[in-house]
file coords_21.cif (mmCIF, C-alpha atoms)
data_work
loop_
_atom_site.label_atom_id
_atom_site.label_comp_id
_atom_site.auth_asym_id
_atom_site.auth_seq_id
_atom_site.Cartn_x
_atom_site.Cartn_y
_atom_site.Cartn_z
CA PRO A 1 9.78 15.07 32.87
CA PHE A 2 10.88 11.47 32.64
CA GLN A 3 8.75 10.18 35.52
CA LYS A 4 5.59 12.11 34.65
CA ARG A 5 5.21 11.27 30.98
CA ALA A 6 2.09 9.40 29.90
CA THR A 7 2.21 5.88 28.48
CA TYR A 8 -0.33 4.46 26.04
CA ARG A 9 -0.55 0.76 25.27
CA TYR A 10 -1.72 -0.51 21.90
CA GLU A 11 -2.42 -4.08 20.89
CA LEU A 12 -0.65 -4.77 17.60
CA GLY A 13 -2.00 -8.29 17.07
CA ARG A 14 -0.09 -11.57 16.80
CA ASP A 15 0.96 -11.43 20.48
CA ALA A 16 2.59 -8.02 20.08
CA TRP A 17 1.99 -4.72 21.85
CA ALA A 18 3.34 -1.19 21.77
CA LEU A 19 3.99 0.93 24.86
CA GLU A 20 4.11 4.48 23.58
CA GLN A 21 5.46 7.63 25.19
CA LEU A 22 6.09 11.13 23.89
CA LEU A 23 9.63 12.24 23.11
CA VAL A 24 10.04 16.00 23.58
CA PHE A 25 13.23 18.00 23.16
CA ALA A 26 13.84 21.51 21.82
CA ASN A 27 11.23 22.01 19.06
CA VAL A 28 10.84 18.29 18.30
CA THR A 29 7.90 16.23 19.53
CA ALA A 30 7.51 12.63 18.40
CA THR A 31 6.16 9.30 19.53
CA ILE A 32 8.64 6.74 20.78
CA ARG A 33 7.61 3.20 21.60
CA THR A 34 8.65 -0.07 23.12
CA VAL A 35 7.73 -3.18 21.14
CA VAL A 36 6.68 -6.11 23.33
CA ILE A 37 6.36 -9.68 22.04
CA ARG A 38 4.85 -12.50 24.10
CA MET A 39 7.04 -15.53 23.53
CA GLU A 40 6.02 -19.18 23.38
CA ASP A 41 6.66 -19.69 27.11
CA GLY A 42 4.49 -16.68 28.01
CA GLY A 43 7.47 -14.49 28.87
CA LEU A 44 7.88 -11.03 27.37
CA TRP A 45 10.58 -9.92 24.94
CA VAL A 46 10.91 -6.16 25.44
CA ASN A 47 12.57 -4.25 22.62
CA GLY A 48 13.66 -0.67 23.30
CA PRO A 49 12.35 -0.13 26.85
CA GLN A 50 11.24 3.38 27.64
CA TRP A 51 11.04 5.22 30.96
CA PRO A 52 9.58 2.81 33.55
CA THR A 53 6.99 5.06 35.18
CA GLY A 54 4.36 3.48 37.39
CA GLU A 55 1.85 3.60 34.55
CA TYR A 56 4.32 2.09 32.07
CA CYS A 57 5.22 -0.81 34.37
CA GLN A 58 1.60 -1.51 35.24
CA LEU A 59 0.64 -1.70 31.56
CA LEU A 60 3.64 -3.94 30.86
CA ASP A 61 3.14 -6.26 33.83
CA GLN A 62 -0.45 -6.92 32.77
CA LEU A 63 0.93 -8.67 29.67
CA GLY A 64 3.15 -11.18 31.50
CA PRO A 65 6.58 -11.53 33.11
CA VAL A 66 9.47 -9.63 31.55
CA LYS A 67 12.03 -12.27 30.52
CA HIS A 68 14.27 -10.51 28.00
CA VAL A 69 15.32 -6.91 27.36
CA VAL A 70 16.83 -5.70 24.08
CA VAL A 71 18.56 -2.38 23.42
CA PRO A 72 18.30 -2.37 19.61
CA CYS A 73 20.47 0.62 18.71
CA ASN A 74 22.80 3.20 20.19
CA ALA A 75 20.69 6.31 19.59
CA LEU A 76 20.45 8.34 22.78
CA GLU A 77 16.66 8.31 23.09
CA HIS A 78 16.51 4.52 22.81
CA LYS A 79 19.23 3.66 25.32
CA ALA A 80 18.79 6.36 27.97
CA PRO A 81 15.94 4.62 29.89
CA THR A 82 17.60 1.18 30.00
CA ALA A 83 19.39 1.43 33.35
CA ALA A 84 16.20 2.52 35.11
CA PHE A 85 14.24 -0.22 33.35
CA VAL A 86 16.73 -2.97 34.21
CA LYS A 87 16.65 -1.85 37.85
CA LYS A 88 12.89 -2.50 37.79
CA TYR A 89 13.31 -5.91 36.12
CA PRO A 90 16.64 -7.26 37.40
CA LYS A 91 15.88 -10.90 36.56
CA ALA A 92 15.48 -10.25 32.82
CA SER A 93 18.31 -11.06 30.41
CA VAL A 94 19.75 -7.98 28.71
CA TRP A 95 21.13 -7.94 25.16
CA ILE A 96 22.41 -4.77 23.55
CA SER A 97 23.49 -3.65 20.11
CA PRO A 98 27.24 -3.02 19.74
CA GLY A 99 28.93 0.37 19.65
CA GLN A 100 27.37 1.96 22.73
CA TYR A 101 29.06 5.17 23.84
CA GLY A 102 28.38 8.38 25.72
CA PRO A 103 26.97 9.23 29.14
CA PHE A 104 24.82 6.10 29.40
CA GLY A 105 27.68 3.62 29.15
CA SER A 106 30.03 2.11 26.62
CA CYS A 107 30.26 -1.24 24.87
CA GLY A 108 32.18 -2.36 21.81
CA LEU A 109 31.64 -5.57 19.88
CA ASP A 110 31.89 -8.02 22.77
CA LEU A 111 30.78 -8.47 26.35
CA LYS A 112 34.25 -7.88 27.81
CA SER A 113 34.19 -4.30 26.55
CA CYS A 114 30.84 -3.42 28.15
CA ARG A 115 30.66 -0.78 30.86
CA MET A 116 26.97 0.05 30.88
CA GLY A 117 26.23 0.52 34.56
CA TYR A 118 23.83 -2.44 34.58
CA HIS A 119 24.20 -6.13 33.90
CA VAL A 120 24.52 -7.13 30.26
CA ASP A 121 24.19 -10.77 29.19
CA GLY A 122 25.36 -10.35 25.64
CA VAL A 123 26.14 -8.12 22.67
CA LEU A 124 24.15 -8.65 19.49
CA PRO A 125 26.45 -9.96 16.74
CA VAL A 126 27.04 -7.96 13.58
CA GLY A 127 25.58 -9.53 10.43
CA ASP A 128 24.11 -13.03 10.32
CA PRO A 129 24.34 -14.71 13.76
CA LYS A 130 24.47 -18.14 12.12
CA GLU A 131 27.93 -17.29 10.78
CA TYR A 132 29.39 -17.23 14.30
CA ASP A 133 30.66 -20.05 16.49
CA ASN A 134 28.21 -20.11 19.38
CA THR A 135 31.02 -20.86 21.84
CA ALA A 136 32.88 -17.70 20.84
CA VAL A 137 29.81 -15.48 20.33
CA PRO A 138 26.96 -16.69 22.56
CA SER A 139 23.47 -16.57 21.09
CA PRO A 140 20.59 -14.94 22.95
CA PRO A 141 18.18 -17.33 24.70
CA TRP A 142 15.42 -16.14 22.38
CA ILE A 143 17.27 -16.95 19.13
CA ASN A 144 14.94 -19.84 18.25
CA GLU A 145 12.01 -17.45 17.94
CA PHE A 146 13.80 -14.49 16.34
CA ASP A 147 16.35 -13.96 13.61
CA MET A 148 18.33 -10.72 13.51
CA ARG A 149 20.69 -8.59 11.46
CA THR A 150 22.80 -5.85 13.01
CA LEU A 151 24.21 -2.78 11.29
CA TYR A 152 27.48 -1.55 12.76
CA VAL A 153 29.44 1.37 11.32
CA SER A 154 32.48 2.85 13.03
CA LEU A 155 34.17 5.79 11.33
CA PRO A 156 37.22 7.26 13.09
CA GLU A 157 36.16 10.85 12.55
CA ASN A 158 32.74 10.37 14.17
CA ALA A 159 32.02 10.78 17.87
CA GLY A 160 31.06 7.11 18.01
CA PRO A 161 29.70 4.19 15.99
CA VAL A 162 26.24 3.80 14.48
CA SER A 163 24.36 0.58 15.16
CA GLU A 164 20.87 -0.81 14.78
CA SER A 165 19.55 -4.35 15.01
CA ALA A 166 16.52 -5.54 13.06
CA PHE A 167 14.61 -8.64 14.15
CA LEU A 168 12.29 -11.10 12.44
CA HIS A 169 9.74 -12.72 14.72
CA LYS A 170 9.55 -15.94 12.79
CA SER A 171 6.18 -17.29 13.87
CA THR A 172 4.29 -14.09 13.05
CA ASN A 173 6.17 -12.90 9.93
CA THR A 174 6.89 -9.60 11.66
CA LEU A 175 9.93 -7.41 11.07
CA ILE A 176 10.85 -5.29 14.09
CA THR A 177 13.03 -2.23 13.54
CA THR A 178 13.79 0.92 15.50
CA ASP A 179 14.79 3.83 13.26
CA ALA A 180 15.41 2.04 9.94
CA VAL A 181 12.16 3.13 8.31
CA VAL A 182 9.10 5.18 9.24
CA TYR A 183 5.55 5.62 8.00
CA VAL A 184 4.05 9.04 8.70
CA PRO A 185 0.28 8.87 9.33
CA ASP A 186 -2.13 11.61 8.32
CA SER A 187 -2.95 12.78 11.85
CA PRO A 188 -1.27 12.99 15.26
CA PRO A 189 -1.70 10.00 17.57
CA PRO A 190 -3.83 10.49 20.71
CA ILE A 191 -0.82 10.68 23.06
CA PHE A 192 -0.01 14.16 21.72
CA ARG A 193 -3.03 15.41 23.67
CA THR A 194 -1.32 14.50 26.94
CA TYR A 195 1.24 17.25 26.28
CA PHE A 196 -0.61 19.74 24.05
CA ASP A 197 -4.11 21.10 24.57
CA ASP A 198 -6.92 20.07 22.23
CA GLU A 199 -7.00 23.42 20.46
CA THR A 200 -3.31 23.20 19.58
CA VAL A 201 -3.50 19.62 18.30
CA SER A 202 -6.64 20.36 16.30
CA GLU A 203 -5.02 23.26 14.44
CA PRO A 204 -4.64 22.06 10.81
CA SER A 205 -0.94 22.88 10.51
CA PHE A 206 0.03 21.33 13.86
CA TRP A 207 0.69 17.84 12.55
CA PRO A 208 2.55 18.80 9.34
CA LYS A 209 4.82 21.11 11.33
CA SER A 210 5.39 18.44 14.00
CA VAL A 211 6.37 15.89 11.35
CA LEU A 212 8.75 18.24 9.55
CA GLN A 213 10.52 19.17 12.78
CA ALA A 214 10.81 15.49 13.77
CA VAL A 215 12.39 14.46 10.46
CA PHE A 216 14.53 17.64 10.18
CA LEU A 217 12.97 19.13 7.07
CA PRO A 218 12.36 22.88 6.93
CA LEU A 219 9.00 24.45 7.75
CA ARG A 220 8.56 25.62 4.17
CA GLN A 221 5.11 26.53 2.94
CA GLN A 222 4.33 26.40 -0.74
CA SER A 223 3.43 29.63 -2.46
CA GLN A 224 0.72 29.71 -5.09
CA ALA A 225 3.37 30.24 -7.77
CA GLU A 226 5.03 26.89 -7.03
CA PRO A 227 3.75 23.64 -8.52
CA ASP A 228 2.03 21.12 -6.26
CA VAL A 229 4.62 18.42 -5.47
CA SER A 230 2.22 15.66 -4.40
CA GLY A 231 -0.76 14.76 -2.28
CA SER A 232 -4.43 15.40 -2.49
CA SER A 233 -5.02 17.04 0.89
CA SER A 234 -4.64 20.77 1.45
CA MET A 235 -2.00 20.21 4.13
CA ASN A 236 0.08 18.10 1.74
CA GLN A 237 -0.04 20.97 -0.73
CA GLN A 238 0.60 23.70 1.81
CA TRP A 239 3.58 21.90 3.39
CA PRO A 240 5.51 20.23 0.55
CA GLY A 241 7.98 18.42 2.79
CA TYR A 242 5.11 16.86 4.69
CA GLY A 243 3.34 15.92 1.46
CA ALA A 244 6.50 14.21 0.21
CA THR A 245 6.94 12.06 3.30
CA GLN A 246 3.43 11.34 4.58
CA GLY A 247 1.62 8.10 3.76
CA ARG A 248 4.58 6.08 2.49
CA LEU A 249 7.32 3.85 3.89
CA ILE A 250 10.52 5.90 3.88
CA ARG A 251 13.97 6.16 5.36
CA ALA A 252 13.93 9.07 7.80
CA PRO A 253 15.61 12.04 6.06
CA ILE A 254 17.96 12.72 8.98
CA LEU A 255 19.39 9.18 8.82
CA ARG A 256 19.62 9.34 5.05
CA ALA A 257 21.62 12.57 5.34
CA PHE A 258 23.82 11.70 8.32
CA ALA A 259 24.36 7.91 8.44
CA ASP A 260 23.80 6.83 4.84
CA ALA A 261 25.73 9.74 3.33
CA ARG A 262 28.81 8.66 5.28
CA ALA A 263 28.58 4.87 5.06
CA PRO A 264 26.36 4.01 2.07
CA ASP A 265 27.96 0.63 1.38
CA ALA A 266 27.58 -0.64 4.94
CA VAL A 267 23.97 0.55 5.12
CA GLN A 268 23.13 -1.05 1.78
CA THR A 269 24.72 -4.36 2.78
CA TRP A 270 22.61 -4.37 5.93
CA VAL A 271 19.42 -3.41 4.09
CA GLN A 272 19.89 -6.14 1.51
CA SER A 273 20.47 -8.71 4.26
CA ILE A 274 17.06 -8.14 5.84
CA PRO A 275 15.03 -10.27 3.37
CA SER A 276 17.39 -13.21 3.94
CA MET A 277 15.91 -13.67 7.41
CA GLY A 278 12.60 -14.81 5.92
CA ARG A 279 9.24 -13.55 4.75
CA PHE A 280 7.43 -10.75 6.57
CA ASP A 281 4.22 -8.88 5.85
CA ARG A 282 4.39 -6.12 8.41
CA ILE A 283 6.90 -3.90 10.20
CA LEU A 284 6.84 -2.67 13.79
CA THR A 285 8.86 0.50 14.37
CA ALA A 286 9.70 2.88 17.23
CA HIS A 287 8.32 6.08 15.69
CA PHE A 288 5.23 7.34 13.84
CA ALA A 289 2.76 4.65 12.67
CA SER A 290 2.94 0.99 13.64
CA PRO A 291 2.20 -1.70 12.54
CA ILE A 292 2.93 -1.02 8.88
CA ALA A 293 1.69 -3.42 6.21
CA ALA A 294 4.88 -4.01 4.22
CA SER A 295 6.87 -6.77 2.54
CA ALA A 296 10.59 -7.21 1.98
CA ASP A 297 10.21 -5.51 -1.41
CA ASN A 298 8.56 -2.52 0.23
CA PHE A 299 11.40 -2.33 2.74
CA LEU A 300 14.03 -2.40 0.00
CA ASP A 301 12.13 0.23 -2.00
CA ALA A 302 12.58 2.69 0.89
CA PHE A 303 16.34 2.59 0.20
CA THR A 304 16.39 2.82 -3.62
CA TYR A 305 18.40 6.08 -3.42
CA LEU A 306 21.41 3.96 -2.43
CA ASP A 307 21.35 2.52 -5.97
CA GLY A 308 21.45 5.92 -7.69
CA PRO A 309 19.50 9.14 -8.25
CA THR A 310 15.79 8.98 -7.52
CA ASN A 311 12.94 11.38 -6.84
CA ASP A 312 11.13 8.94 -4.56
CA PRO A 313 10.09 10.13 -2.06
CA PRO A 314 9.63 13.45 -3.87
CA ILE A 315 11.42 15.63 -1.31
CA SER A 316 12.30 18.84 -3.13
CA CYS A 317 15.98 19.79 -3.37
CA GLN A 318 15.26 22.97 -1.41
CA ASP A 319 13.74 20.91 1.40
CA TRP A 320 17.06 19.10 1.85
CA ALA A 321 18.70 22.49 2.58
CA LEU A 322 18.56 22.21 6.38
CA LEU A 323 20.25 18.80 6.49
CA ASP A 324 22.70 19.90 3.79
CA SER A 325 23.71 22.90 5.87
CA LEU A 326 24.16 20.73 8.97
CA ASN A 327 26.40 18.39 7.00
CA SER A 328 28.42 21.37 5.78
CA PHE A 329 28.80 22.64 9.33
CA ILE A 330 29.96 19.20 10.51
CA GLY A 331 32.46 18.98 7.64
CA ASP A 332 33.79 22.53 7.93
CA ASN A 333 34.40 22.15 11.65
CA LYS A 334 35.69 18.56 11.44
CA LEU A 335 33.00 17.33 13.82
CA GLY A 336 32.44 14.05 12.01
CA ALA A 337 33.34 11.86 9.08
CA PRO A 338 33.05 13.50 5.65
CA VAL A 339 30.05 12.97 3.40
CA LYS A 340 30.98 10.53 0.63
CA PHE A 341 27.59 9.91 -1.00
CA ASP A 342 25.05 12.32 -2.50
CA PHE A 343 22.04 11.26 -0.49
CA LYS A 344 19.69 13.63 -2.32
CA ALA A 345 20.70 12.92 -5.94
CA GLY A 346 17.66 13.06 -8.20
CA CYS A 347 15.60 15.30 -5.92
CA PRO A 348 12.97 17.39 -7.71
CA PRO A 349 14.26 20.92 -8.40
CA PRO A 350 12.40 23.95 -6.97
#
call {"tool": "encode", "arguments": {"input": "coords_21.cif", "output": "structure tokens"}}
result
Amino acid sequence: PFQKRATYRYELGRDAWALEQLLVFANVTATIRTVVIRMEDGGLWVNGPQWPTGEYCQLLDQLGPVKHVVVPCNALEHKAPTAAFVKKYPKASVWISPGQYGPFGSCGLDLKSCRMGYHVDGVLPVGDPKEYDNTAVPSPPWINEFDMRTLYVSLPENAGPVSESAFLHKSTNTLITTDAVVYVPDSPPPIFRTYFDDETVSEPSFWPKSVLQAVFLPLRQQSQAEPDVSGSSSMNQQWPGYGATQGRLIRAPILRAFADARAPDAVQTWVQSIPSMGRFDRILTAHFASPIAASADNFLDAFTYLDGPTNDPPISCQDWALLDSLNSFIGDNKLGAPVKFDFKAGCPPP
């Protein structure tokens, strides 16, 4: 239930915090977090607000006054709580990524097109904001402390666009993303115990299975006849998909299969623009582990498959079967744009 979910707050260092809740739907359970940055004037920059329960707001208010709200992408789970959050903090400026659509409002590339059901001060520009005339495309009031790059892909056959904005907090060399990359830790975070009992969470296969369901890889266990794909732990060996994704900075398989397979050039242009914002040595994300010690080179390495076949991360070809079948279903029933890029080229054979 939206109003009864627990919230955990973590200090991330460098005047940054995470407010973490648990995202639960169907058989998927995953962490989802708000990234909060204290700005030079003491006000808070709130990226990806989650459901503003009493506990959530109390933990947030203890950090300072909320000055700015950012909706960094148009994925359902990241935009759904915004109206409720803005109602709690009506004085905060609100900036949203372009291409919003669906039951929680719509917004194209400019403010005139926005029908979000709450006040919106601006739409984040696509690409490098310095390329725009500030009179035609207003800059956010926090632009002096952050740089940003926004991915925007609109394919006619899809239900709606895909967008995500990445931000560089200049003074702390911190890259802030939402879904662009993830780092899967080796154990479930404590907030899982607010939804599952201790016995369930402590079961050795609980975390590998939770990860695989969250990234849409099959729950395939390795038989003794198959070679070990990677990893030193028994769980990495028992669950090959988990072993291939855990402990490394990766692009989430579901985005690789759905977004990147349909718009590889646009995604690659966006990815390659990230280092131009400036140096960073860590990444704050909305899911799984955060902060992640990573440089621009590490970020680019997570997208090497866009340059050609690769077996890194070593996700077996058979473990791409679920996402492959979903893409086939979408294509056969004309539910979205066709796949134009082999997102799994170079995968290790069974």
call {"tool": "atom_distance", "arguments": {"input": "coords_21.cif", "atom1": "CA of Phe303 (chain A)", "atom2": "CA of Ala30 (chain A)"}}
result
22.6 Å
call {"tool": "atom_distance", "arguments": {"input": "coords_21.cif", "atom1": "CA of Ala159 (chain A)", "atom2": "CA of Leu111 (chain A)"}}
result
21.1 Å
call {"tool": "closest_residue", "arguments": {"input": "coords_21.cif", "among": "A:Ile292, A:Val28, A:Tyr152, A:Val46", "to": "Asp265 (chain A)", "atoms": "all atoms listed in the file"}}
result
A:Tyr152
call {"tool": "closest_residue", "arguments": {"input": "coords_21.cif", "among": "A:Thr194, A:Ala252, A:Pro188, A:Asp307", "to": "Ser210 (chain A)", "atoms": "only C-alpha atoms"}}
result
A:Pro188
call {"tool": "resolve_selection", "arguments": {"input": "coords_21.cif", "expression": "the PyMOL selection byres ((chain A and resi 77-87) around 8)", "output": "ChimeraX atom specification"}}
result
/A:48-52,71-76,88-90,92,104,117-118
call {"tool": "closest_residue", "arguments": {"input": "coords_21.cif", "among": "A:Pro309, A:Pro291, A:Gly331, A:Gly54", "to": "Arg33 (chain A)", "atoms": "only C-alpha atoms"}}
result
A:Pro291
call {"tool": "residues_around", "arguments": {"input": "coords_21.cif", "residues": "Arg279 (chain A)", "least_positions_apart": "5", "cutoff": "8 Å", "atoms": "all atoms listed in the file", "output": "ChimeraX atom specification"}}
result
/A:173,295-296
call {"tool": "resolve_selection", "arguments": {"input": "coords_21.cif", "expression": "the PyMOL selection byres ((chain A and resi 335) around 12)", "output": "list of chain:residue names"}}
result
A:Leu155, A:Pro156, A:Glu157, A:Asn158, A:Ala159, A:Gly160, A:Leu326, A:Asn327, A:Ser328, A:Phe329, A:Ile330, A:Gly331, A:Asp332, A:Asn333, A:Lys334, A:Gly336, A:Ala337, A:Pro338, A:Val339
call {"tool": "resolve_selection", "arguments": {"input": "coords_21.cif", "expression": "the PyMOL selection byres ((chain A and resi 242) around 12)", "output": "PyMOL selection string"}}
result
chain A and resi 183-187+205-222+229-231+233-241+243-248+253+313-316+319
call {"tool": "closest_residue", "arguments": {"input": "coords_21.cif", "among": "A:Asp128, A:Asp260, A:Glu145, A:Asp121", "to": "Ser165 (chain A)", "atoms": "only C-alpha atoms"}}
result
A:Asp128
call {"tool": "closest_residue", "arguments": {"input": "coords_21.cif", "among": "A:Tyr56, A:Phe341, A:Phe258, A:Tyr132", "to": "Leu19 (chain A)", "atoms": "all atoms listed in the file"}}
result
A:Tyr56
call {"tool": "residues_around", "arguments": {"input": "coords_21.cif", "residues": "Phe280 (chain A)", "least_positions_apart": "6", "cutoff": "9 Å", "atoms": "only C-alpha atoms", "output": "ChimeraX atom specification"}}
result
/A:168-170,172-175,294-296
call {"tool": "closest_residue", "arguments": {"input": "coords_21.cif", "among": "A:Arg193, A:Lys344, A:Lys91, A:Arg282", "to": "Gln21 (chain A)", "atoms": "all atoms listed in the file"}}
result
A:Arg193
call {"tool": "atom_distance", "arguments": {"input": "coords_21.cif", "atom1": "CA of Ile254 (chain A)", "atom2": "CA of Thr310 (chain A)"}}
result
17.1 Å
call {"tool": "residues_around", "arguments": {"input": "coords_21.cif", "residues": "Ala302 (chain A)", "least_positions_apart": "6", "cutoff": "9 Å", "atoms": "all atoms listed in the file", "output": "ChimeraX atom specification"}}
result
/A:181,248-251,312-313
call {"tool": "write_last_selection", "arguments": {"input": "coords_21.cif", "atoms": "C-alpha atoms", "output": "PDB file, in the frame of the given file"}}
result
ATOM      1  CA  VAL A 181      12.160   3.130   8.310  1.00  0.00           C
ATOM      2  CA  ARG A 248       4.580   6.080   2.490  1.00  0.00           C
ATOM      3  CA  LEU A 249       7.320   3.850   3.890  1.00  0.00           C
ATOM      4  CA  ILE A 250      10.520   5.900   3.880  1.00  0.00           C
ATOM      5  CA  ARG A 251      13.970   6.160   5.360  1.00  0.00           C
ATOM      6  CA  ASP A 312      11.130   8.940  -4.560  1.00  0.00           C
ATOM      7  CA  PRO A 313      10.090  10.130  -2.060  1.00  0.00           C
TER       8      PRO A 313
END
call {"tool": "residues_around", "arguments": {"input": "coords_21.cif", "residues": "Met39 (chain A)", "least_positions_apart": "3", "cutoff": "8 Å", "atoms": "all atoms listed in the file", "output": "ChimeraX atom specification"}}
result
/A:15,42-45,145
call {"tool": "axis_aligned_box", "arguments": {"input": "coords_21.cif", "around": "region 166-179 of chain A", "padding_each_side": "5 Å", "output": "AutoDock Vina command-line options"}}
result
--center_x 10.4 --center_y -6.7 --center_z 12.7 --size_x 22.2 --size_y 31.1 --size_z 15.6
